[in-house]
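Q: Pasting input.cif below, which is mmCIF, C-alpha atoms.
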```cif
data_coords
#
loop_
_atom_site.label_atom_id
_atom_site.label_comp_id
_atom_site.auth_asym_id
_atom_site.auth_seq_id
_atom_site.Cartn_x
_atom_site.Cartn_y
_atom_site.Cartn_z
CA MET A 627 1.08 18.95 3.74
CA PRO A 628 -2.40 18.51 2.22
CA ALA A 629 -3.33 15.17 0.67
CA LEU A 630 -4.10 16.93 -2.63
CA MET A 631 -1.04 19.18 -2.63
CA PHE A 632 -0.71 18.73 -6.40
CA GLY A 633 -4.22 20.04 -7.02
CA THR A 634 -6.38 18.43 -9.67
CA ILE A 635 -4.43 16.29 -12.11
CA LYS A 636 -5.99 15.88 -15.55
CA ASN A 637 -4.78 13.96 -18.58
CA LYS A 638 -4.77 15.53 -22.02
CA LEU A 639 -8.40 14.47 -22.56
CA GLY A 640 -9.43 16.44 -19.47
CA GLU A 641 -10.08 13.32 -17.37
CA THR A 642 -9.30 13.78 -13.68
CA LEU A 643 -6.85 11.25 -12.24
CA ASP A 644 -7.49 10.13 -8.67
CA TYR A 645 -4.37 10.09 -6.52
CA THR A 646 -3.16 9.96 -2.93
CA PHE A 647 -0.04 11.73 -1.70
CA HIS A 648 2.14 10.30 1.09
CA GLU A 649 4.54 12.81 2.59
CA GLY A 650 8.11 11.76 3.26
CA SER A 651 10.82 13.69 5.08
CA ALA A 652 10.41 17.45 5.20
CA ASN A 653 13.45 18.23 3.06
CA CYS A 654 13.12 15.37 0.57
CA ARG A 655 12.72 16.44 -3.07
CA ASP A 656 12.37 12.90 -4.44
CA LEU A 657 8.93 11.51 -5.22
CA LEU A 658 7.91 7.96 -6.08
CA ILE A 659 4.97 7.67 -8.48
CA ILE A 660 3.23 4.29 -8.33
CA GLY A 661 1.14 3.03 -11.25
CA HIS A 662 -0.98 -0.13 -11.12
CA GLY A 663 -1.67 -2.96 -13.54
CA VAL A 664 -4.66 -3.92 -15.69
CA THR A 665 -7.96 -4.06 -13.71
CA GLY A 666 -6.11 -2.55 -10.73
CA ASN A 667 -6.20 0.85 -9.05
CA LYS A 668 -4.20 2.92 -6.58
CA ASP A 669 -5.88 1.27 -3.58
CA ARG A 670 -4.73 -2.32 -4.13
CA PRO A 671 -3.35 -3.55 -0.79
CA PHE A 672 0.24 -4.05 -1.92
CA VAL A 673 0.28 -0.62 -3.60
CA VAL A 674 -0.90 1.06 -0.39
CA ALA A 675 1.57 -0.96 1.69
CA LEU A 676 4.44 0.01 -0.60
CA ALA A 677 3.46 3.69 -0.55
CA ASP A 678 3.20 3.73 3.24
CA ALA A 679 6.56 2.03 3.71
CA VAL A 680 8.42 4.22 1.22
CA SER A 681 7.04 7.41 2.75
CA VAL A 682 8.05 6.23 6.22
CA SER A 683 11.56 5.70 4.84
CA GLY A 684 11.60 9.41 3.95
CA ILE A 685 10.65 9.52 0.26
CA ASN A 686 7.46 11.24 -0.91
CA VAL A 687 4.94 9.10 -2.81
CA ILE A 688 2.00 9.55 -5.16
CA ARG A 689 -0.09 6.49 -5.99
CA PHE A 690 -2.64 7.13 -8.71
CA SER A 691 -5.29 5.36 -10.76
CA PHE A 692 -5.07 5.49 -14.52
CA ALA A 693 -8.11 6.98 -16.26
CA GLY A 694 -11.02 4.54 -16.34
CA ASN A 695 -9.82 2.77 -13.19
CA GLY A 696 -10.73 3.21 -9.54
CA ASP A 697 -12.11 6.70 -8.85
CA SER A 698 -10.42 8.35 -11.83
CA ASP A 699 -12.55 9.76 -14.63
CA GLY A 700 -12.96 7.88 -17.90
CA GLU A 701 -14.21 4.54 -19.13
CA PHE A 702 -12.40 1.28 -18.52
CA ARG A 703 -13.10 0.14 -22.08
CA ASP A 704 -10.94 3.04 -23.30
CA CYS A 705 -7.90 1.94 -21.29
CA THR A 706 -4.80 1.07 -23.29
CA ILE A 707 -1.09 1.13 -22.53
CA SER A 708 -0.64 4.04 -24.92
CA LYS A 709 -3.36 6.07 -23.20
CA GLU A 710 -1.83 5.29 -19.82
CA VAL A 711 1.53 6.63 -21.03
CA ASP A 712 -0.28 9.94 -21.53
CA ASP A 713 -1.74 9.67 -18.02
CA LEU A 714 1.70 9.12 -16.52
CA GLN A 715 3.09 12.09 -18.40
CA ALA A 716 0.30 14.25 -16.97
CA VAL A 717 1.37 13.20 -13.47
CA LEU A 718 5.03 13.84 -14.34
CA SER A 719 4.12 17.37 -15.41
CA VAL A 720 2.65 18.33 -12.06
CA VAL A 721 5.51 16.62 -10.19
CA GLU A 722 7.96 18.65 -12.28
CA GLU A 723 6.05 21.86 -11.55
CA LYS A 724 6.53 21.22 -7.83
CA ASN A 725 10.28 20.69 -8.37
CA TYR A 726 10.39 17.05 -7.32
CA ARG A 727 12.71 14.46 -8.84
CA ALA A 728 10.52 11.69 -10.25
CA ILE A 729 10.90 7.98 -9.58
CA TYR A 730 8.36 5.68 -11.21
CA ALA A 731 7.29 2.24 -10.03
CA GLY A 732 4.83 0.36 -12.21
CA HIS A 733 3.16 -2.98 -11.62
CA SER A 734 2.42 -5.41 -14.45
CA MET A 735 0.94 -3.40 -17.34
CA GLY A 736 1.82 -0.28 -15.37
CA ALA A 737 5.45 -1.38 -15.64
CA ALA A 738 5.12 -1.52 -19.43
CA VAL A 739 3.78 2.03 -19.23
CA GLY A 740 6.89 2.97 -17.26
CA VAL A 741 9.33 1.48 -19.76
CA LEU A 742 7.64 3.11 -22.74
CA THR A 743 7.61 6.45 -20.92
CA ALA A 744 11.13 6.34 -19.49
CA ALA A 745 12.53 5.49 -22.92
CA LYS A 746 11.36 8.87 -24.24
CA ASP A 747 10.75 11.10 -21.20
CA SER A 748 13.83 12.20 -19.28
CA ARG A 749 11.75 13.36 -16.32
CA ILE A 750 11.80 9.79 -14.95
CA LYS A 751 15.14 9.63 -13.14
CA PHE A 752 14.76 6.16 -11.56
CA LEU A 753 12.61 3.26 -12.78
CA ILE A 754 11.11 0.30 -10.91
CA SER A 755 9.23 -2.57 -12.57
CA LEU A 756 7.17 -4.88 -10.35
CA ALA A 757 6.11 -8.07 -12.15
CA GLY A 758 6.59 -6.05 -15.30
CA MET A 759 4.91 -6.96 -18.57
CA VAL A 760 7.20 -6.99 -21.61
CA SER A 761 5.56 -9.26 -24.20
CA THR A 762 2.27 -7.40 -24.53
CA GLU A 763 0.92 -9.36 -27.49
CA LYS A 764 1.75 -12.66 -25.83
CA PHE A 765 -0.01 -11.48 -22.65
CA TYR A 766 -3.15 -10.68 -24.60
CA ASP A 767 -3.17 -13.97 -26.46
CA THR A 768 -2.55 -16.00 -23.30
CA GLU A 769 -5.04 -14.28 -21.03
CA PHE A 770 -7.78 -13.13 -23.41
CA GLY A 771 -7.21 -14.90 -26.72
CA GLU A 772 -10.42 -16.91 -26.42
CA GLU A 773 -12.58 -13.87 -25.62
CA THR A 774 -14.34 -11.74 -28.23
CA PRO A 775 -13.42 -8.05 -27.94
CA ASP A 776 -16.30 -5.64 -27.36
CA THR A 777 -18.55 -8.49 -26.18
CA GLY A 778 -16.42 -10.39 -23.66
CA CYS A 779 -14.75 -9.28 -20.47
CA MET A 780 -11.45 -9.77 -18.68
CA TRP A 781 -11.18 -12.80 -16.43
CA GLU A 782 -14.99 -13.16 -16.43
CA GLU A 783 -15.37 -9.85 -14.57
CA PRO A 784 -18.27 -7.80 -15.99
CA ASP A 785 -16.79 -4.58 -14.60
CA TYR A 786 -13.80 -5.01 -16.91
CA PRO A 787 -15.03 -5.19 -20.53
CA LEU A 788 -12.50 -6.37 -23.09
CA SER A 789 -12.27 -3.80 -25.87
CA SER A 790 -10.87 -3.85 -29.37
CA ALA A 791 -8.86 -0.76 -28.44
CA PHE A 792 -7.11 -2.71 -25.67
CA LYS A 793 -6.45 -5.68 -27.93
CA ASN A 794 -5.15 -3.62 -30.83
CA ASP A 795 -2.86 -1.54 -28.65
CA LEU A 796 -1.20 -4.55 -27.00
CA LYS A 797 -0.72 -6.19 -30.39
CA ASP A 798 0.58 -3.02 -32.03
CA ILE A 799 3.13 -2.55 -29.24
CA HIS A 800 3.95 -6.29 -29.41
CA SER A 801 6.75 -5.98 -26.86
CA THR A 802 8.47 -3.29 -24.82
CA ALA A 803 11.84 -4.96 -25.44
CA PRO A 804 13.05 -2.27 -27.89
CA GLN A 805 12.35 0.42 -25.30
CA ALA A 806 13.92 -1.66 -22.53
CA ALA A 807 17.17 -1.54 -24.47
CA GLN A 808 16.95 2.27 -24.43
CA ILE A 809 16.61 2.65 -20.65
CA ARG A 810 19.61 4.53 -19.28
CA VAL A 811 18.36 5.47 -15.82
CA PRO A 812 18.90 3.20 -12.79
CA TRP A 813 16.34 0.39 -13.04
CA LEU A 814 15.11 -2.14 -10.49
CA LEU A 815 13.13 -5.16 -11.67
CA VAL A 816 11.30 -7.31 -9.10
CA HIS A 817 9.38 -10.47 -10.01
CA GLY A 818 7.93 -13.44 -8.15
CA THR A 819 8.85 -16.95 -9.22
CA ALA A 820 5.21 -18.10 -8.83
CA ASP A 821 3.72 -15.37 -11.03
CA ASP A 822 1.35 -17.10 -13.47
CA VAL A 823 -0.12 -13.91 -14.99
CA VAL A 824 3.08 -12.28 -16.26
CA LEU A 825 5.81 -14.88 -16.30
CA ILE A 826 9.18 -14.06 -14.77
CA ASP A 827 10.66 -14.56 -18.25
CA ASP A 828 9.48 -11.03 -19.11
CA SER A 829 11.58 -9.41 -16.39
CA GLN A 830 14.54 -11.62 -17.23
CA GLU A 831 14.35 -10.47 -20.85
CA ALA A 832 14.09 -6.79 -19.91
CA HIS A 833 16.99 -7.07 -17.48
CA SER A 834 19.17 -8.70 -20.14
CA LEU A 835 18.44 -5.85 -22.57
CA ALA A 836 18.94 -2.91 -20.20
CA THR A 837 22.28 -1.18 -20.65
CA GLY A 838 22.29 1.19 -17.67
CA LEU A 839 22.63 0.56 -13.95
CA LYS A 840 20.22 -2.30 -13.31
CA LYS A 841 19.24 -4.84 -10.67
CA PHE A 842 16.95 -7.87 -10.88
CA VAL A 843 15.39 -9.34 -7.74
CA GLU A 844 13.55 -12.67 -7.84
CA ILE A 845 11.20 -13.33 -4.94
CA GLU A 846 10.81 -17.02 -4.36
CA GLY A 847 7.17 -18.16 -4.28
CA ALA A 848 5.69 -14.67 -4.81
CA ASN A 849 2.63 -14.37 -7.05
CA HIS A 850 1.65 -11.60 -9.43
CA VAL A 851 0.39 -9.20 -6.76
CA PHE A 852 2.98 -10.07 -4.11
CA SER A 853 0.34 -11.24 -1.66
CA GLU A 854 1.01 -13.03 1.63
CA ASP A 855 4.73 -13.77 2.01
CA GLY A 856 5.65 -11.92 -1.16
CA GLN A 857 4.74 -8.42 0.00
CA LYS A 858 7.42 -7.87 2.64
CA PRO A 859 10.42 -8.91 0.49
CA MET A 860 9.09 -6.85 -2.43
CA ILE A 861 8.87 -3.74 -0.25
CA GLU A 862 12.27 -4.41 1.30
CA ALA A 863 13.80 -4.79 -2.17
CA VAL A 864 12.33 -1.48 -3.32
CA ILE A 865 13.31 0.51 -0.24
CA GLY A 866 16.78 -1.01 -0.08
CA TRP A 867 17.40 -0.18 -3.73
CA LEU A 868 16.09 3.37 -3.36
CA GLN A 869 18.29 4.00 -0.35
CA SER A 870 21.32 2.67 -2.23
CA ASN A 871 20.74 4.68 -5.39
CA ILE A 872 19.19 8.00 -4.40
CA ASP A 873 21.70 10.60 -3.25
#
```
Translate this structure into structure tokens?

A:
Amino acid sequence: MPALMFGTIKNKLGETLDYTFHEGSANCRDLLIIGHGVTGNKDRPFVVALADAVSVSGINVIRFSFAGNGDSDGEFRDCTISKEVDDLQAVLSVVEEKNYRAIYAGHSMGAAVGVLTAAKDSRIKFLISLAGMVSTEKFYDTEFGEETPDTGCMWEEPDYPLSSAFKNDLKDIHSTAPQAAQIRVPWLLVHGTADDVVLIDDSQEAHSLATGLKKFVEIEGANHVFSEDGQKPMIEAVIGWLQSNID
């Protein structure tokens, strides 16, 4: 099956979203969509490793870069959670057209995108949050509160300008807790105990609010991007949960 079997995927602004497809078993109609976090892209090592492992287990995978990130069209300074919700819905539309059942796994800010989307879009049938961000305003204040929007940058990286649009969106959302309480689909939350970017408290809060079938996995010593010893248990948790919940 061709790597671009879904053709060109564009968001509602006409920006092309870069993606890679990993084929699973021939008869599988389930597809895992993987979305990354802030300043990330679809080619982060743990995202690629997860996609490879899930496809080997038999489930199809798309990993994609939100607009303004990686090789997708758009400007990074225009990136917001709300805009990325639109990007995810564009991907969901093409997945639906191909008659796949959609599973979404989001990392960090990409997990916030997943919660906001799944709360209103029934096309997401299973939800996975990896080091998921819940308290968006708190995240902004903690990580970027001393920077000046539109002049400063994120984590002193010139390639990632800090915009007023990003700041205002995170503060307007404030928290995804209200949407977490609306999640009815099966939901896996995975978080490392050594995450100092998005604290494990966020996943604990979301898990406590969810009312559907849910599971929370803490990975001892894992950091925000599940590097080193954190990657294998994260992948095992995801695959094990998928195999237990997907018919």

Q: Interatomic distance between CA of Ser801 in chain A and CA of Asp704 in chain A?

A: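 These two atoms are separated by 20.2 Å.
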
Q: Take the PyMOL selection byres ((chain A and resi 687-698) around 6), apply it to the structure above, and return the hits as a PyMOL selection string.

A: chain A and resi 642-648+657-660+667-668+686+699-702

Q: When you look at Ser748 in chain A with a cut-off of 10 Å (counting only C-alpha atoms), what residues show up, excluding the ones that are within fewer than 6 positions of it in the same chain? I need them as a ChimeraX atom specification.

A: /A:728,810-811

Q: What lies within 9 Å of range 776-791 of chain A using all atoms listed in the file, ignoring chain neighbours under 5 positions off, as a PyMOL selection string?

A: chain A and resi 665+702-706+769-770+796

Q: Extract, using only C-alpha atoms, all DNA, RNA and protein residues at most 12 Å from range 858-868 of chain A, discarding same-chain residues fewer than 6 positions from it, and format them as an NGL selection string.

A: :A and (656-658 or 660 or 672-686 or 729-733 or 751-757 or 812-818 or 839-852)

Q: If you count all atoms listed in the file, which residues fall within 8 Å of Leu742 in chain A, apart from same-chain ones fewer than 5 positions away, as a PyMOL selection string?

A: chain A and resi 711+802+805-806

Q: Take CA of Asp828 in chain A and CA of Ala803 in chain A and report the distance between them in Å, one decimal.

A: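 Computing the Euclidean distance for CA of Asp828 in chain A and CA of Ala803 in chain A yields 9.1 Å.
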
Q: So what do you get for CA of Lys709 in chain A versus CA of Thr743 in chain A, distance-wise?

A: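 Separation of CA of Lys709 in chain A and CA of Thr743 in chain A: 11.2 Å.
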
Q: Taking into account all atoms listed in the file, which residue in the set A:Asp795, A:Glu723, A:Glu763, A:Asp821 is nearest to Gly633 in chain A?

A: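 When distances to Gly633 in chain A are compared using all atoms listed in the file, the smallest one comes from A:Glu723.
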
Q: What residues come out when you apply the PyMOL selection byres ((chain A and resi 760) around 10) to this file, written as a VMD selection string?

A: chain A and resid 734 to 735 737 to 739 741 757 to 759 761 to 765 799 to 806 824 to 825 827 to 832
